[in-house]
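Just below is one structure, and these are the notes that go with it.
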Amino acid sequence: MRGGNRLLIIILAIGLSVWGAPCSGRGFSPRADTLFAQGVRSYKTGEFLAALGNFQKILQELPPNQRSSAAQLMVAKALYKLGEYEQAIQAAQRLLEAYPKSRYSPYAVYLIAGCRFRQWKYIDAVEEYAKVVGGRGDSKLRRRAQEIIDRIVETKLSPSQVEELRRKGLIGAREPEVGPVSPGVAIVGLLCPVSGPDSTFGKDLLDGVKLAFGDGESSSGLSLVVKDTESSAIGAVKAAQKLAEQENLLALVGPVFSLPTVAAAAVANCAKVPLLAPTANQDRLTTIGEYIFQLNTTPRIQAERMAEYAARDLGFKALAVLAPLNARGQQMAEGFVQRIE
């Protein structure tokens with residue numbers, strides 16, 4: 001290479017999202033791409049009626065093509081923005097019927113839930129949001145749906161309606177029993193997403209902790225109490241508050257992901273209860289307070305170690321960073337560059 005310098009390109013992370021890529025069994029239409037792009041531009045500038053017209057042309061004037069399913073979803077979204085909630089629901093349902101395996105299906109269900117909420121049909125909204133939570137959508141969408149369920153339950157429903165949802169199994173998963181707490185025995189509180197979209201990860205965390213505690217009381221005489229964070233920041237706050245009220249509480253462990261951990265950490269620090277975050281990788285989590293302890297590394301620290309290895313151990317002189325434009329990518333890029341400088 002020029003100047004004899006070796007170049008190492010450190011690829012921190014690459015995220016690629018393709019919206020409406022061609023699908024097998026459908027024709028390719030350049031006009032569909034043009035109409036779709038025009039519709040998206042109108043949608044982003046708030047011209048929802050114009051956007052609706054473009055998306056409808058794709059569905060009505062062209063044979064099935066690479067944009068059909070995405071256009072159907074955007075028709076529903078444009079109608080939602082126009083306040084035509086029943087029509088939006090019908091459009092979303094057409095997507096679910098015509099393209100049941102589409103990657104846009106979870107977003108269609110989420111939109112139906114939003115329409116029901118706007119119509120003040122809160123029970124129906126919770127039922128639809130619960131489908132998103134228990135479905136195959138991306139984790140952010142599922143967590144968002146769970147947080148909305150929590151807000152509806154807390155602010156919109158009567159006690160009898162809440163009980164109805166509990167009977168249907170849509171809310172209020174009971175914390176697992178992990179053995180009795182003996183009087184006077186120190187307690188370790190586990191903040192764990194037993195329900196909601198993060199429950200798979202919560203089960204792994206719970207299984208690991210139960211392995212250490214056995215039937216609920218460790219060999220050191222500590223008792224374990226589990227509280228469900230319901231895969232949300234609001235749930236984490238409530239769970240941490242309940243545990244903080246326990247007598248003989250020694251420490252809190254959890255939750256799994258960073259956002260609920262930040263929320264729970266604020267409660268723990270105010271209550272002067274140590275919180276051990278085993279998996280959260282939020283940068284500067286411990287700056288919340290002196291009672292917060294982070295066991296997992298952060299993206300910034302990972303990048304700093306990569307920089308040290310590249311420059312010191314491998315001896316590279318010219319380095320470049322390629323990172324995605326999101327918070328994690330920015331943290332890693334900054335950590336890498338600052339360490340090199």
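In the structure tokens, chains take letters A, B, ... by order of appearance, with residues numbered from 1 within each chain and ligands from 1 in the order shown.
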Next item on the list: Enumerate as a VMD selection string all residues of stretch 47-229 of chain A assigned to strand (DSSP E or B) by DSSP on the backbone, naming them with the chain letters and numbers the document uses.
Entry: chain A and resid 65 187 to 192 217 223 to 228
Extract, using only C-alpha atoms, all DNA, RNA and protein residues at most 10 Å from A:Ile152, discarding same-chain residues fewer than 2 positions from it, and format them as a list in words.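 Residues meeting the cut-off are Phe117, Tyr122, Ile123, Ala125, Val126, Gln146, Glu147, Ile148, Ile149, Asp150, Glu154, Thr155, Lys156, Leu157 and Val162 of chain A.
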Original post:
A:Asn281: which residues within 10 Å, counting only C-alpha atoms, same-chain residues fewer than 4 positions away excluded, as a PyMOL selection string?
Top reply: chain A and resi 256-259+261+277+285+294-301+328
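Minimum atom-to-atom distances from A:Ala303, A:Ala71, A:Ala265, A:Val253 to A:Gly329 were compared using only C-alpha atoms, and the lowest value belongs to A:Ala303.
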As an mmCIF file with N, CA, C and O atoms, in the first residue's frame, please: the residues near A:Ser231 (cut-off 9 Å, only C-alpha atoms, same-chain neighbours under 4 positions excluded).
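Below is the file that was written, result.cif:
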data_model
loop_
_atom_site.group_PDB
_atom_site.id
_atom_site.type_symbol
_atom_site.label_atom_id
_atom_site.label_comp_id
_atom_site.auth_asym_id
_atom_site.auth_seq_id
_atom_site.Cartn_x
_atom_site.Cartn_y
_atom_site.Cartn_z
ATOM 1 N N ARG A 143 -41.161 -5.158 22.436
ATOM 2 C CA ARG A 143 -41.013 -4.437 23.705
ATOM 3 C C ARG A 143 -41.914 -3.208 23.733
ATOM 4 O O ARG A 143 -42.499 -2.880 24.770
ATOM 5 N N GLN A 146 -45.365 -4.286 24.526
ATOM 6 C CA GLN A 146 -45.505 -4.623 25.944
ATOM 7 C C GLN A 146 -45.611 -3.368 26.802
ATOM 8 O O GLN A 146 -46.407 -3.305 27.753
ATOM 9 N N GLU A 147 -44.834 -2.351 26.476
ATOM 10 C CA GLU A 147 -44.889 -1.103 27.242
ATOM 11 C C GLU A 147 -46.248 -0.425 27.098
ATOM 12 O O GLU A 147 -46.771 0.150 28.062
ATOM 13 N N CYS A 192 -36.412 -10.110 36.701
ATOM 14 C CA CYS A 192 -36.314 -11.035 35.573
ATOM 15 C C CYS A 192 -37.537 -10.917 34.667
ATOM 16 O O CYS A 192 -38.673 -10.924 35.156
ATOM 17 N N PRO A 193 -37.351 -10.807 33.341
ATOM 18 C CA PRO A 193 -38.497 -10.764 32.425
ATOM 19 C C PRO A 193 -39.115 -12.147 32.235
ATOM 20 O O PRO A 193 -38.812 -12.857 31.282
ATOM 21 N N VAL A 194 -39.982 -12.524 33.153
ATOM 22 C CA VAL A 194 -40.637 -13.825 33.081
ATOM 23 C C VAL A 194 -41.687 -13.842 31.971
ATOM 24 O O VAL A 194 -41.944 -14.863 31.350
ATOM 25 N N SER A 195 -42.308 -12.678 31.720
ATOM 26 C CA SER A 195 -43.318 -12.569 30.669
ATOM 27 C C SER A 195 -42.889 -11.504 29.668
ATOM 28 O O SER A 195 -41.953 -10.744 29.909
ATOM 29 N N GLY A 196 -43.588 -11.445 28.541
ATOM 30 C CA GLY A 196 -43.271 -10.444 27.530
ATOM 31 C C GLY A 196 -42.260 -10.946 26.516
ATOM 32 O O GLY A 196 -41.826 -12.103 26.549
ATOM 33 N N PRO A 197 -41.843 -10.071 25.595
ATOM 34 C CA PRO A 197 -40.986 -10.492 24.478
ATOM 35 C C PRO A 197 -39.589 -10.945 24.881
ATOM 36 O O PRO A 197 -38.923 -11.630 24.118
ATOM 37 N N ASP A 198 -39.140 -10.558 26.080
ATOM 38 C CA ASP A 198 -37.797 -10.946 26.522
ATOM 39 C C ASP A 198 -37.811 -12.176 27.417
ATOM 40 O O ASP A 198 -36.798 -12.504 28.044
ATOM 41 N N SER A 199 -38.957 -12.861 27.490
ATOM 42 C CA SER A 199 -39.093 -13.958 28.449
ATOM 43 C C SER A 199 -38.131 -15.116 28.171
ATOM 44 O O SER A 199 -37.727 -15.817 29.096
ATOM 45 N N GLY A 202 -35.135 -14.136 29.841
ATOM 46 C CA GLY A 202 -35.410 -14.170 31.270
ATOM 47 C C GLY A 202 -35.345 -15.572 31.829
ATOM 48 O O GLY A 202 -34.853 -15.791 32.941
ATOM 49 N N GLY A 235 -42.225 -2.049 34.009
ATOM 50 C CA GLY A 235 -42.292 -3.257 34.826
ATOM 51 C C GLY A 235 -41.075 -3.419 35.714
ATOM 52 O O GLY A 235 -41.181 -3.890 36.854
ATOM 53 N N ALA A 236 -39.905 -3.013 35.211
ATOM 54 C CA ALA A 236 -38.681 -3.111 36.004
ATOM 55 C C ALA A 236 -38.732 -2.175 37.205
ATOM 56 O O ALA A 236 -38.289 -2.527 38.308
ATOM 57 N N PRO A 255 -32.078 -6.308 35.574
ATOM 58 C CA PRO A 255 -32.724 -7.239 34.644
ATOM 59 C C PRO A 255 -31.763 -7.701 33.538
ATOM 60 O O PRO A 255 -30.551 -7.704 33.761
ATOM 61 N N VAL A 256 -32.317 -8.013 32.342
ATOM 62 C CA VAL A 256 -31.491 -8.552 31.265
ATOM 63 C C VAL A 256 -30.947 -7.442 30.374
ATOM 64 O O VAL A 256 -29.735 -7.300 30.213
ATOM 65 N N PHE A 257 -31.842 -6.622 29.801
ATOM 66 C CA PHE A 257 -31.425 -5.619 28.823
ATOM 67 C C PHE A 257 -31.219 -4.249 29.468
ATOM 68 O O PHE A 257 -31.628 -4.003 30.602
ATOM 69 N N PRO A 260 -34.492 -1.550 30.757
ATOM 70 C CA PRO A 260 -35.072 -1.886 32.059
ATOM 71 C C PRO A 260 -34.054 -1.807 33.194
ATOM 72 O O PRO A 260 -34.410 -1.465 34.331
#
* Run DSSP on the backbone and give me the residues of stretch 107-341 of chain A it puts in alpha helix (DSSP H), as number ranges by chain. => A: 107-118, 122-133, 139-155, 159-167, 199-213, 233-244, 258-270, 299-308, 327-340
